[in-house]
file target_26.cif (mmCIF, C-alpha atoms and all ligand atoms)
data_final
#
loop_
_atom_site.label_atom_id
_atom_site.label_comp_id
_atom_site.auth_asym_id
_atom_site.auth_seq_id
_atom_site.Cartn_x
_atom_site.Cartn_y
_atom_site.Cartn_z
CA MET A 19 16.40 47.05 -15.33
CA VAL A 20 14.11 44.45 -13.90
CA GLY A 21 13.47 41.65 -16.41
CA ALA A 22 10.07 41.29 -18.10
CA THR A 23 9.29 37.99 -16.35
CA LEU A 24 10.00 39.43 -12.94
CA ASN A 25 7.96 42.50 -13.82
CA ASN A 26 5.03 40.31 -14.84
CA LEU A 27 5.29 38.30 -11.66
CA LEU A 28 5.41 41.45 -9.57
CA ARG A 29 2.32 42.79 -11.35
CA GLU A 30 0.46 39.48 -11.09
CA TYR A 31 1.06 39.21 -7.37
CA ALA A 32 0.46 42.92 -6.83
CA VAL A 33 3.90 43.37 -5.31
CA GLN A 34 4.41 47.10 -4.88
CA GLY A 35 6.34 49.51 -2.75
CA LEU A 36 9.65 47.70 -2.98
CA LEU A 37 11.61 50.96 -2.98
CA THR A 38 11.00 54.02 -0.84
CA GLY A 39 13.44 56.26 -2.72
CA THR A 40 15.16 57.07 0.57
CA ILE A 41 18.96 57.39 0.87
CA LEU A 42 20.83 57.68 4.13
CA ILE A 43 24.12 59.59 3.91
CA VAL A 44 26.60 59.43 6.77
CA ASP A 45 29.73 61.56 7.22
CA ASP A 46 31.23 63.23 10.25
CA GLU A 47 32.32 66.16 8.13
CA LEU A 48 29.26 68.31 7.63
CA PRO A 49 30.45 70.07 4.43
CA ASN A 50 30.83 66.64 2.79
CA LEU A 51 27.26 65.78 3.81
CA ALA A 52 26.02 69.00 2.31
CA VAL A 53 27.72 68.33 -1.04
CA LEU A 54 26.43 64.74 -1.20
CA ALA A 55 22.93 65.85 -0.31
CA SER A 56 22.95 68.61 -2.88
CA PHE A 57 23.19 66.35 -5.91
CA LEU A 58 21.16 63.38 -4.51
CA ASP A 59 18.29 65.58 -3.32
CA GLY A 60 16.63 65.92 -6.72
CA ASP A 61 16.09 62.19 -7.28
CA TYR A 62 15.86 60.83 -3.74
CA THR A 63 14.62 61.63 -0.28
CA VAL A 64 17.87 62.16 1.61
CA HIS A 65 18.43 61.65 5.36
CA GLU A 66 21.67 62.93 6.82
CA ALA A 67 23.60 61.56 9.81
CA GLY A 68 26.81 62.95 11.32
CA SER A 69 27.89 59.63 12.89
CA GLY A 70 27.32 55.89 12.78
CA ALA A 71 25.25 56.04 15.98
CA GLU A 72 22.99 58.71 14.53
CA ALA A 73 22.60 56.67 11.32
CA LEU A 74 21.51 53.61 13.34
CA GLU A 75 18.89 55.72 15.14
CA ILE A 76 17.46 57.00 11.84
CA ALA A 77 17.38 53.49 10.35
CA LYS A 78 15.31 52.27 13.31
CA THR A 79 12.32 54.33 12.24
CA THR A 80 12.91 55.13 8.54
CA PRO A 81 12.87 52.55 5.76
CA ILE A 82 16.05 53.10 3.73
CA ASP A 83 16.97 51.92 0.22
CA VAL A 84 20.69 52.74 0.12
CA VAL A 85 23.31 53.90 2.64
CA VAL A 86 26.22 56.06 1.48
CA CYS A 87 28.81 56.49 4.20
CA ASP A 88 32.30 57.69 4.84
CA GLN A 89 34.70 54.98 6.05
CA ARG A 90 36.75 57.07 8.43
CA MET A 91 34.46 58.37 11.16
CA PRO A 92 35.16 58.62 14.90
CA GLY A 93 33.28 56.11 17.08
CA MET A 94 32.17 53.81 14.28
CA THR A 95 33.72 53.27 10.87
CA GLY A 96 31.63 52.93 7.75
CA VAL A 97 32.21 49.17 7.61
CA GLU A 98 31.22 48.81 11.27
CA LEU A 99 28.09 50.83 10.63
CA LEU A 100 27.07 48.48 7.80
CA HIS A 101 27.72 45.51 10.11
CA ASN A 102 25.45 47.01 12.73
CA LEU A 103 22.76 47.85 10.20
CA ARG A 104 22.76 44.24 8.93
CA ALA A 105 22.55 42.99 12.50
CA SER A 106 19.43 45.07 13.09
CA GLY A 107 17.78 43.68 9.97
CA VAL A 108 18.28 46.61 7.59
CA ASP A 109 18.66 45.26 4.05
CA ALA A 110 19.80 48.53 2.38
CA PRO A 111 23.07 48.04 0.47
CA GLY A 112 25.99 50.27 1.48
CA ILE A 113 28.34 52.40 -0.57
CA ILE A 114 31.52 53.31 1.25
CA LEU A 115 33.56 56.41 0.48
CA THR A 116 37.16 55.91 1.37
CA GLY A 117 40.35 57.88 1.11
CA TYR A 118 42.58 54.99 2.05
CA THR A 119 44.50 52.86 -0.32
CA ASP A 120 42.56 49.64 -0.57
CA THR A 121 44.69 47.37 1.54
CA PRO A 122 43.70 43.68 1.63
CA ALA A 123 42.46 44.20 5.20
CA LEU A 124 40.05 46.88 4.11
CA ILE A 125 38.83 44.76 1.20
CA ALA A 126 38.23 41.83 3.54
CA ALA A 127 36.27 44.07 5.88
CA ILE A 128 34.30 45.43 2.99
CA ASN A 129 33.47 41.98 1.64
CA ASP A 130 32.50 40.79 5.09
CA ALA A 131 30.07 43.66 5.58
CA GLN A 132 28.56 42.98 2.20
CA VAL A 133 29.35 46.44 0.96
CA PHE A 134 27.71 47.01 -2.36
CA ARG A 135 30.51 49.24 -3.68
CA PHE A 136 33.25 51.50 -2.46
CA LEU A 137 34.36 54.75 -4.06
CA ARG A 138 37.78 56.23 -3.63
CA LYS A 139 38.04 59.87 -2.65
CA PRO A 140 37.95 62.26 -4.33
CA TRP A 141 34.78 60.88 -5.91
CA GLN A 142 32.87 62.32 -8.85
CA PRO A 143 29.16 63.05 -8.37
CA GLU A 144 28.30 60.87 -11.40
CA ASP A 145 30.11 57.91 -9.79
CA VAL A 146 28.06 58.29 -6.64
CA LEU A 147 24.83 58.68 -8.61
CA THR A 148 25.59 55.60 -10.73
CA ALA A 149 26.48 53.56 -7.66
CA VAL A 150 23.30 54.66 -5.84
CA ALA A 151 21.13 53.81 -8.86
CA ALA A 152 22.76 50.36 -9.16
CA ALA A 153 22.40 49.74 -5.41
CA SER A 154 18.70 50.73 -5.55
CA ASN A 155 18.16 48.32 -8.38
CA ALA A 156 19.94 45.54 -6.53
CA VAL A 157 17.93 45.99 -3.35
CA MET A 158 14.73 46.04 -5.40
CA TYR A 159 15.62 42.64 -6.88
CA GLN A 160 16.45 41.32 -3.48
CA ARG A 161 13.21 42.57 -1.94
CA ALA A 162 11.14 41.33 -4.90
CA ALA A 163 12.66 37.87 -4.58
CA ALA A 164 12.01 37.78 -0.83
CA ARG A 165 8.40 38.93 -1.27
CA LEU A 166 7.70 36.45 -4.07
CA LEU A 167 9.25 33.65 -2.05
CA ASN A 168 7.00 34.53 0.88
CA LEU A 169 3.95 34.63 -1.33
CA LEU A 170 4.93 31.36 -2.89
CA SER A 171 5.33 29.65 0.44
CA ASP A 172 1.92 31.00 1.54
CA ARG A 173 0.40 29.71 -1.70
CA THR A 174 2.11 26.35 -1.22
CA THR A 175 0.64 26.00 2.25
CA GLU A 176 -2.75 27.04 0.91
CA LEU A 177 -2.42 24.61 -1.97
CA GLN A 178 -1.48 21.78 0.35
CA ARG A 179 -4.51 22.53 2.51
CA VAL A 180 -6.82 22.47 -0.51
CA VAL A 181 -5.33 19.20 -1.75
CA THR A 182 -5.80 17.61 1.68
CA GLU A 183 -9.39 18.84 1.79
CA LEU A 184 -10.08 17.55 -1.69
CA ARG A 185 -8.60 14.18 -0.81
CA SER A 186 -10.73 13.84 2.28
CA ALA A 187 -13.86 15.01 0.43
CA GLN A 188 -13.16 12.42 -2.23
CA GLN A 189 -12.63 9.82 0.48
CA SER A 190 -15.99 10.59 2.14
CA LEU A 191 -17.75 10.48 -1.21
CA LEU A 192 -16.27 7.06 -1.85
CA GLN A 193 -17.30 5.93 1.61
CA LEU A 194 -20.83 7.20 1.19
CA ASP A 195 -21.05 5.43 -2.13
CA ARG A 196 -20.02 2.14 -0.60
CA LEU A 197 -22.35 2.81 2.28
CA VAL A 198 -25.31 3.17 -0.07
CA THR A 199 -24.41 -0.18 -1.64
CA THR A 200 -24.05 -1.78 1.79
CA GLY A 201 -27.32 -0.16 2.80
CA ARG A 202 -29.07 -1.76 -0.17
CA LEU A 203 -27.65 -5.14 0.76
CA ALA A 204 -28.66 -4.58 4.35
CA ALA A 205 -32.19 -3.72 3.24
CA GLY A 206 -32.60 -7.24 1.80
CA ILE A 207 -31.24 -8.89 4.93
CA THR A 208 -33.28 -6.73 7.28
CA HIS A 209 -36.45 -7.67 5.43
CA ASP A 210 -35.88 -11.41 6.01
CA LEU A 211 -34.71 -10.79 9.51
CA ARG A 212 -37.80 -8.77 10.38
CA ASN A 213 -40.02 -11.65 9.24
CA ALA A 214 -38.05 -14.16 11.30
CA MET A 215 -38.21 -11.80 14.26
CA SER A 216 -41.97 -11.44 14.21
CA SER A 217 -42.41 -15.22 14.32
CA LEU A 218 -39.95 -15.40 17.20
CA VAL A 219 -41.71 -12.63 19.07
CA MET A 220 -44.90 -14.67 18.76
CA VAL A 221 -43.10 -17.69 20.20
CA GLU A 222 -41.76 -15.60 23.06
CA TYR A 223 -45.24 -14.25 23.76
CA GLU A 224 -46.72 -17.75 23.68
CA VAL A 225 -44.18 -19.36 25.94
CA THR A 226 -43.59 -16.58 28.47
CA GLY A 227 -44.71 -17.81 31.83
CA LYS A 228 -45.71 -21.17 30.42
CA LEU A 229 -42.29 -22.76 30.35
CA SER A 230 -41.29 -24.63 33.45
CA ASP A 231 -37.63 -24.28 32.50
CA PRO A 232 -36.59 -20.69 33.34
CA GLU A 233 -33.28 -21.15 31.51
CA LEU A 234 -34.98 -21.93 28.24
CA SER A 235 -37.25 -18.94 28.58
CA GLU A 236 -34.17 -16.81 29.32
CA THR A 237 -32.39 -18.19 26.26
CA ILE A 238 -35.29 -17.17 24.09
CA SER A 239 -35.34 -13.64 25.52
CA VAL A 240 -31.58 -13.20 25.16
CA GLY A 241 -31.68 -14.57 21.63
CA LEU A 242 -34.44 -12.16 20.75
CA ALA A 243 -32.59 -9.21 22.26
CA GLY A 244 -29.56 -10.07 20.12
CA LEU A 245 -31.61 -10.38 16.98
CA ARG A 246 -33.45 -7.16 17.71
CA ASN A 247 -30.16 -5.33 18.12
CA LEU A 248 -28.80 -6.74 14.89
CA LEU A 249 -31.94 -5.71 13.08
CA GLU A 250 -31.83 -2.23 14.56
CA SER A 251 -28.15 -1.79 13.68
CA LEU A 252 -28.81 -2.81 10.09
CA GLU A 253 -31.79 -0.49 9.91
CA THR A 254 -29.74 2.40 11.28
CA MET A 255 -27.15 1.84 8.57
CA ASN A 256 -29.75 1.47 5.88
CA GLN A 257 -31.61 4.59 6.95
CA TYR A 258 -28.39 6.60 7.12
CA ALA A 259 -27.26 5.42 3.70
CA LYS A 260 -30.56 6.50 2.20
CA GLN A 261 -31.06 9.83 3.93
CA LYS A 262 -27.45 10.79 4.69
CA GLN A 263 -28.43 11.68 8.22
CA LEU A 264 -29.47 9.68 11.23
CA ALA A 265 -33.11 9.55 12.25
CA MET A 266 -33.14 9.81 16.05
CA THR A 267 -35.89 8.67 18.39
CA MET A 268 -35.40 10.81 21.46
CA GLU A 269 -36.31 9.91 25.03
CA TYR A 270 -35.03 10.54 28.56
CA PHE A 271 -33.29 7.58 30.10
CA ASP A 272 -30.90 6.36 32.75
CA PRO A 273 -27.46 5.68 31.19
CA ALA A 274 -27.13 2.57 33.38
CA ARG A 275 -29.93 1.04 31.35
CA VAL A 276 -27.89 1.34 28.16
CA VAL A 277 -25.10 -0.70 29.78
CA ARG A 278 -27.55 -3.29 31.04
CA ASP A 279 -29.27 -3.65 27.65
CA ALA A 280 -25.95 -3.90 25.82
CA LEU A 281 -24.82 -6.65 28.20
CA THR A 282 -28.06 -8.53 27.60
CA VAL A 283 -27.44 -8.41 23.86
CA MET A 284 -23.86 -9.54 24.34
CA ARG A 285 -24.89 -12.60 26.31
CA MET A 286 -25.68 -14.21 22.98
CA ASP A 287 -22.04 -13.89 22.04
CA LEU A 288 -20.01 -16.98 22.95
CA ASN A 289 -16.69 -15.14 22.85
CA PHE A 290 -17.98 -12.54 25.21
CA ARG A 291 -19.27 -15.15 27.63
CA ALA A 292 -15.82 -16.67 27.85
CA ARG A 293 -14.28 -13.35 29.04
CA THR A 294 -14.10 -12.03 32.55
CA VAL A 295 -16.44 -9.08 32.34
CA ARG A 296 -16.66 -6.35 34.95
CA ALA A 297 -19.60 -3.99 34.66
CA ASP A 298 -19.95 -0.87 36.73
CA ALA A 299 -23.10 1.11 36.07
CA PRO A 300 -25.22 1.62 39.18
CA PRO A 301 -28.85 2.37 38.20
CA GLU A 302 -30.45 5.69 39.11
CA THR A 303 -27.24 7.38 40.20
CA LEU A 304 -26.26 9.11 36.99
CA PRO A 305 -27.65 12.19 35.24
CA LEU A 306 -30.42 11.39 32.76
CA VAL A 307 -29.57 11.53 29.09
CA LEU A 308 -31.89 12.76 26.36
CA GLY A 309 -31.13 10.70 23.30
CA ASP A 310 -31.78 7.65 21.17
CA ARG A 311 -31.40 4.86 23.68
CA GLN A 312 -31.48 2.00 21.18
CA LYS A 313 -28.75 3.60 19.13
CA LEU A 314 -26.53 4.09 22.15
CA VAL A 315 -27.06 0.41 22.98
CA GLN A 316 -25.85 -0.34 19.44
CA VAL A 317 -22.72 1.70 20.13
CA LEU A 318 -21.90 -0.14 23.35
CA VAL A 319 -22.60 -3.48 21.67
CA ASN A 320 -20.15 -2.54 18.89
CA LEU A 321 -17.48 -1.66 21.42
CA LEU A 322 -18.11 -4.77 23.54
CA ARG A 323 -18.09 -7.02 20.49
CA ASN A 324 -14.80 -5.49 19.34
CA ALA A 325 -13.37 -6.09 22.82
CA ALA A 326 -14.59 -9.70 22.79
CA GLN A 327 -13.10 -10.27 19.34
CA ALA A 328 -9.75 -8.76 20.32
CA THR A 329 -9.32 -10.80 23.51
CA ARG A 330 -8.89 -14.44 24.43
CA VAL A 331 -10.51 -16.71 27.01
CA ASP A 332 -10.05 -15.31 30.51
CA ASP A 333 -8.91 -11.90 29.30
CA HIS A 334 -10.79 -9.03 30.86
CA ILE A 335 -13.40 -6.60 29.61
CA TRP A 336 -14.57 -3.63 31.62
CA VAL A 337 -17.66 -1.60 30.90
CA LYS A 338 -18.59 1.41 32.92
CA ALA A 339 -21.01 4.34 33.05
CA GLU A 340 -20.10 7.27 35.29
CA ALA A 341 -20.54 10.99 35.72
CA THR A 342 -17.54 13.19 34.87
CA ALA A 343 -16.39 16.10 37.05
CA ASP A 344 -18.11 18.55 34.69
CA GLY A 345 -21.43 16.71 34.85
CA GLN A 346 -21.29 14.75 31.61
CA VAL A 347 -22.04 11.06 31.30
CA ARG A 348 -19.10 8.88 30.37
CA PHE A 349 -19.35 5.32 29.11
CA SER A 350 -16.15 3.35 28.75
CA VAL A 351 -15.27 -0.06 27.34
CA GLU A 352 -11.83 -1.41 28.02
CA ASP A 353 -10.01 -4.66 27.43
CA ASP A 354 -6.58 -6.13 28.10
CA GLY A 355 -6.14 -7.58 24.62
CA PRO A 356 -3.37 -6.63 22.20
CA GLY A 357 -4.59 -3.05 21.60
CA ILE A 358 -5.27 -1.36 18.28
CA ALA A 359 -3.16 -2.63 15.38
CA ALA A 360 -0.87 0.05 13.92
CA GLU A 361 -2.20 -0.54 10.38
CA VAL A 362 -5.68 0.63 11.32
CA ARG A 363 -4.92 3.20 14.03
CA ASP A 364 -5.09 6.29 11.81
CA ARG A 365 -8.40 5.41 10.21
CA LEU A 366 -10.09 3.62 13.06
CA PHE A 367 -13.31 5.61 12.75
CA GLU A 368 -13.48 5.54 8.97
CA ALA A 369 -15.97 3.31 7.19
CA PHE A 370 -14.60 -0.05 6.04
CA ALA A 371 -11.47 0.19 8.18
CA SER A 372 -11.08 -3.34 9.47
CA THR A 373 -8.39 -5.90 10.19
CA LYS A 374 -10.84 -8.76 10.49
CA ASN A 375 -11.23 -9.99 6.90
CA GLU A 376 -14.50 -11.90 6.72
CA GLN A 377 -15.31 -11.33 10.35
CA GLY A 378 -15.83 -7.61 10.16
CA VAL A 379 -16.65 -4.98 7.58
CA GLY A 380 -15.31 -2.04 9.51
CA MET A 381 -18.63 -0.31 10.03
CA GLY A 382 -18.84 -0.67 13.82
CA LEU A 383 -16.75 2.28 14.93
CA TYR A 384 -17.82 4.43 11.97
CA MET A 385 -21.51 4.09 12.82
CA SER A 386 -20.75 4.37 16.53
CA ARG A 387 -19.01 7.71 16.16
CA LEU A 388 -21.85 8.96 13.98
CA ILE A 389 -24.40 8.01 16.62
CA VAL A 390 -22.38 9.56 19.45
CA GLU A 391 -21.83 12.79 17.52
CA ASN A 392 -25.57 12.95 16.88
CA HIS A 393 -25.85 13.16 20.67
CA LYS A 394 -23.42 16.10 20.69
CA GLY A 395 -21.02 13.70 22.35
CA GLU A 396 -17.56 12.37 21.67
CA LEU A 397 -16.23 8.87 21.02
CA ARG A 398 -12.49 8.44 21.47
CA CYS A 399 -9.98 5.63 21.54
CA LEU A 400 -7.30 6.01 24.20
CA GLU A 401 -4.03 4.32 24.97
CA ARG A 402 -4.60 1.92 27.79
CA ALA A 403 -1.92 1.75 30.46
CA GLY A 404 -0.64 -1.84 30.49
CA GLY A 405 -1.82 -2.66 26.95
CA GLY A 406 -5.23 -3.29 25.42
CA ALA A 407 -7.75 -0.78 24.16
CA ARG A 408 -9.97 1.77 25.87
CA PHE A 409 -12.88 3.50 24.20
CA GLU A 410 -14.64 6.40 25.86
CA ILE A 411 -17.95 8.03 25.07
CA THR A 412 -18.91 11.31 26.68
CA ILE A 413 -22.44 12.58 26.30
CA PRO A 414 -23.82 15.81 27.72
CA PRO A 415 -26.63 15.20 30.22
CA ALA A 416 -30.21 16.09 29.29
CA GLU A 417 -30.22 19.68 30.59
CA LEU A 418 -26.96 20.60 28.79
CA GLY A 419 -27.75 18.76 25.59
CA THR A 420 -31.06 20.48 24.91
N1 LIG B 501 -10.89 -3.39 21.42
C1 LIG B 501 -10.14 -3.47 20.32
N2 LIG B 501 -8.91 -4.04 20.38
C2 LIG B 501 -8.12 -4.12 19.26
N3 LIG B 501 -8.49 -3.66 18.04
C3 LIG B 501 -9.70 -3.08 17.93
C4 LIG B 501 -10.59 -2.95 19.06
N4 LIG B 501 -11.68 -2.30 18.62
C5 LIG B 501 -11.52 -2.06 17.30
N5 LIG B 501 -10.33 -2.53 16.88
C6 LIG B 501 -9.76 -2.43 15.53
O1 LIG B 501 -10.51 -1.47 14.80
C7 LIG B 501 -11.00 -2.02 13.59
C8 LIG B 501 -12.30 -1.34 13.25
O2 LIG B 501 -13.31 -1.67 14.18
P1 LIG B 501 -14.81 -1.64 13.69
O3 LIG B 501 -15.65 -2.04 14.83
O4 LIG B 501 -15.09 -0.33 13.06
O5 LIG B 501 -14.84 -2.70 12.52
P2 LIG B 501 -14.78 -4.28 12.61
O6 LIG B 501 -14.97 -4.71 14.03
O7 LIG B 501 -13.54 -4.73 11.93
O8 LIG B 501 -16.04 -4.68 11.74
P3 LIG B 501 -17.60 -4.52 12.13
O9 LIG B 501 -17.67 -3.82 13.44
O10 LIG B 501 -18.17 -3.72 11.03
O11 LIG B 501 -18.12 -5.90 12.21
C9 LIG B 501 -11.10 -3.50 13.85
O12 LIG B 501 -11.03 -4.25 12.66
C10 LIG B 501 -9.89 -3.73 14.76
O13 LIG B 501 -8.71 -3.88 14.00
MG MG B 502 -16.59 -3.99 15.20
#
call {"tool": "encode", "arguments": {"input": "target_26.cif", "output": "C-alpha cells", "more": "lines below"}}
Ligand SMILES: Nc1ncnc2c1ncn2[C@@H]1O[C@H](COP(=O)(O)OP(=O)(O)OP(=O)(O)O)[C@@H](O)[C@H]1O
Ligand SMILES: [Mg+2]
result
Amino acid sequence: MVGATLNNLLREYAVQGLLTGTILIVDDELPNLAVLASFLDGDYTVHEAGSGAEALEIAKTTPIDVVVCDQRMPGMTGVELLHNLRASGVDAPGIILTGYTDTPALIAAINDAQVFRFLRKPWQPEDVLTAVAAASNAVMYQRAAARLLNLLSDRTTELQRVVTELRSAQQSLLQLDRLVTTGRLAAGITHDLRNAMSSLVMVEYEVTGKLSDPELSETISVGLAGLRNLLESLETMNQYAKQKQLAMTMEYFDPARVVRDALTVMRMDLNFRARTVRADAPPETLPLVLGDRQKLVQVLVNLLRNAAQATRVDDHIWVKAEATADGQVRFSVEDDGPGIAAEVRDRLFEAFASTKNEQGVGMGLYMSRLIVENHKGELRCLERAGGGARFEITIPPAELGT
C-alpha cells in the first residue's frame, strides 16, 4: 500500500489518475488469452493482443498499467516486446509467462528489459493476480514520484522567480529611500544655487552687449548655461524623489538643438575641452521630437560628462543625432576610453552604481534612463568596436510618440 506520507502529498498536490486499471495481455495462443482474460476481467479493463506487433499498436493509443505476455511468440518474444514498449515511452511494468527453464541467458534478458516478474508455466490464476496487483502498485509509485518531481521542479522555478522579484523590489525600495535622502540634500543645494543664479542672470543681462571683450561675455553665458543645467538636474532629481514620477514640460523641438545645448553646457568642463570632440547633428534635418527638451539636454550632458571623465587628453568623443531607418531619432555618445568596468557593467543603470568614489554618485545613468523612458524611448550601452563605450538613445518622433 502507498505510505501515509505519499498519500498526503498526493492529496495535497491533487495528484490523481495515476492508474487507469487497464491490463494488456499478449499471447499468440488464443485459448490462453481467453483464460487470462476471464479471471482478470472482473477487476481490470483487459485489452487482448495476439502478437507483439498488435500489442505495440494498442499501447500507442491506450494508456496501460501492466502488460502480461507470453515469452514464446512468433515474430517478437515477450522480452523483445517489453524492450520495444520501453523504447516508445510506455512505463507499464511487464509480467512474462514462460515455459522455459530459466537459463542465465533468459534471466539476463529479463533483467535487461526491466521485467517486473516472470511466472513459470503452468501458472496459477492467483499467482497472476498477485503479480498484476503488485505491478500496478509499483507503477503507481513510479508515476506518483515522477509527477511529484515535476510539480516540485515547477514550484522551484516559481519560487526562484518570486525570490528574484522580491529581491529586486527590495532593491528598488532601498534605492528610492536613498533617493529621497539625496533629494532632500539636493533641495538645500538647489536653493543656494538658485539664489546665486539669479544674481548671475542679472549680471549677464547688465553686461550683454556692453562688454567690448566678446570672449568674456561668452564665458559668462557658458558659465550660466552650465549652472542652469546643474540646477535643473538637481531639481529633476529632487522632484522625482518627492513625487516618485517625473514632471515633464513638453514641447516640439529639433533634436539637433539638444546636442547643441548639451555641448554649450559641456564647454564649462575642462576635461571635455581637452578631448577631440566630433559632433554630428545637422539642424532642421531630423524629425521633430515632442518631449522635455531640458531633460534630454541633461541626459546628453550626463553621457558627455561620463565620456570626458573616462578618457584622457586627446582621446576622442563623438556625439551624434540621426534618424533611424524606421523613423526614430537616435542620439549617440561614444568615446575611445577604456570602456565600462566589469564591476559596474551589470548595474550600470541602477542608482548609486559608480566607480568614481568622490567624483560621482552614480545617479547620472539612472536619471538618464528614467528621462528617456519617460519619452517612450530607450537608453542602451553597447560594446564599441575597438574599445571604449557607446551609449545610444532612441526616441520616437513626435507623430509616433503621441
Ligand atoms: N563612457 C564611459 N566609459 C567608461 N565607464 C563609464 C562610462 N559611462 C559610465 N561609466 C561607468 O558607469 C558608472 C555609472 O555612471 P553614472 O553616470 O550613472 O554615475 P557616475 O558618473 O559615477 O556619477 P554621477 O553621474 O552621478 O556623477 C560610472 O561610475 C562609470 O564606472
Ligand atoms: Mg555620470
call {"tool": "residues_near_ligand", "arguments": {"input": "target_26.cif", "ligand": "ligand LIG 501 (chain B)", "cutoff": "6 Å", "atoms": "only C-alpha atoms and all ligand atoms", "output": "VMD selection string"}}
result
chain A and resid 324 to 325 328 357 to 359 366 371 to 374 378 to 384 407
call {"tool": "residues_near_point", "arguments": {"input": "target_26.cif", "point": "(-24.0, -7.9, 28.4)", "cutoff": "10 Å", "atoms": "all atoms listed in the file", "output": "MDAnalysis selection string"}}
result
chainID A and resid 240 277:287 290:291 295:297 318:319 322:323 337
call {"tool": "residues_around", "arguments": {"input": "target_26.cif", "residues": "stretch 409-418 of chain A", "least_positions_apart": "4", "cutoff": "8 Å", "atoms": "all atoms listed in the file", "output": "PyMOL selection string"}}
result
chain A and resi 270+305-308+321+345-352+390+393-400
call {"tool": "write_last_selection", "arguments": {"input": "target_26.cif", "atoms": "C-alpha atoms", "output": "mmCIF file, in the coordinates of the input"}}
result
data_model
loop_
_atom_site.group_PDB
_atom_site.id
_atom_site.type_symbol
_atom_site.label_atom_id
_atom_site.label_comp_id
_atom_site.auth_asym_id
_atom_site.auth_seq_id
_atom_site.Cartn_x
_atom_site.Cartn_y
_atom_site.Cartn_z
ATOM 1 C CA TYR A 270 -35.030 10.540 28.560
ATOM 2 C CA PRO A 305 -27.650 12.190 35.240
ATOM 3 C CA LEU A 306 -30.420 11.390 32.760
ATOM 4 C CA VAL A 307 -29.570 11.530 29.090
ATOM 5 C CA LEU A 308 -31.890 12.760 26.360
ATOM 6 C CA LEU A 321 -17.480 -1.660 21.420
ATOM 7 C CA GLY A 345 -21.430 16.710 34.850
ATOM 8 C CA GLN A 346 -21.290 14.750 31.610
ATOM 9 C CA VAL A 347 -22.040 11.060 31.300
ATOM 10 C CA ARG A 348 -19.100 8.880 30.370
ATOM 11 C CA PHE A 349 -19.350 5.320 29.110
ATOM 12 C CA SER A 350 -16.150 3.350 28.750
ATOM 13 C CA VAL A 351 -15.270 -0.060 27.340
ATOM 14 C CA GLU A 352 -11.830 -1.410 28.020
ATOM 15 C CA VAL A 390 -22.380 9.560 19.450
ATOM 16 C CA HIS A 393 -25.850 13.160 20.670
ATOM 17 C CA LYS A 394 -23.420 16.100 20.690
ATOM 18 C CA GLY A 395 -21.020 13.700 22.350
ATOM 19 C CA GLU A 396 -17.560 12.370 21.670
ATOM 20 C CA LEU A 397 -16.230 8.870 21.020
ATOM 21 C CA ARG A 398 -12.490 8.440 21.470
ATOM 22 C CA CYS A 399 -9.980 5.630 21.540
ATOM 23 C CA LEU A 400 -7.300 6.010 24.200
#
call {"tool": "closest_residue", "arguments": {"input": "target_26.cif", "among": "A:His209, A:Arg275, A:Arg293, A:Arg161", "to": "A:Val108", "atoms": "all atoms listed in the file"}}
result
A:Arg161
call {"tool": "atom_distance", "arguments": {"input": "target_26.cif", "atom1": "atom CA of A:Ser386", "atom2": "atom CA of A:Arg330"}}
result
23.6 Å
call {"tool": "atom_distance", "arguments": {"input": "target_26.cif", "atom1": "atom CA of A:Gly405", "atom2": "atom CA of A:Glu361"}}
result
16.7 Å
call {"tool": "decode", "arguments": {"input": "target_26.cif", "residues": "stretch 278-294 of chain A", "atoms": "C-alpha atoms", "output": "PDB file, in the first residue's frame"}}
result
ATOM      1  CA  ARG A 278      23.983  71.945 -29.404  1.00  0.00           C
ATOM      2  CA  ASP A 279      22.718  72.911 -25.932  1.00  0.00           C
ATOM      3  CA  ALA A 280      24.472  69.954 -24.311  1.00  0.00           C
ATOM      4  CA  LEU A 281      27.744  70.953 -25.992  1.00  0.00           C
ATOM      5  CA  THR A 282      27.326  74.506 -24.731  1.00  0.00           C
ATOM      6  CA  VAL A 283      26.931  73.211 -21.188  1.00  0.00           C
ATOM      7  CA  MET A 284      29.947  70.962 -21.591  1.00  0.00           C
ATOM      8  CA  ARG A 285      32.181  73.819 -22.666  1.00  0.00           C
ATOM      9  CA  MET A 286      32.458  74.686 -18.991  1.00  0.00           C
ATOM     10  CA  ASP A 287      34.086  71.339 -18.388  1.00  0.00           C
ATOM     11  CA  LEU A 288      37.881  71.488 -18.619  1.00  0.00           C
ATOM     12  CA  ASN A 289      38.248  67.746 -19.190  1.00  0.00           C
ATOM     13  CA  PHE A 290      35.833  67.880 -22.041  1.00  0.00           C
ATOM     14  CA  ARG A 291      37.634  70.793 -23.649  1.00  0.00           C
ATOM     15  CA  ALA A 292      40.839  68.805 -23.698  1.00  0.00           C
ATOM     16  CA  ARG A 293      39.241  65.993 -25.769  1.00  0.00           C
ATOM     17  CA  THR A 294      38.885  65.818 -29.509  1.00  0.00           C
TER      18      THR A 294
END
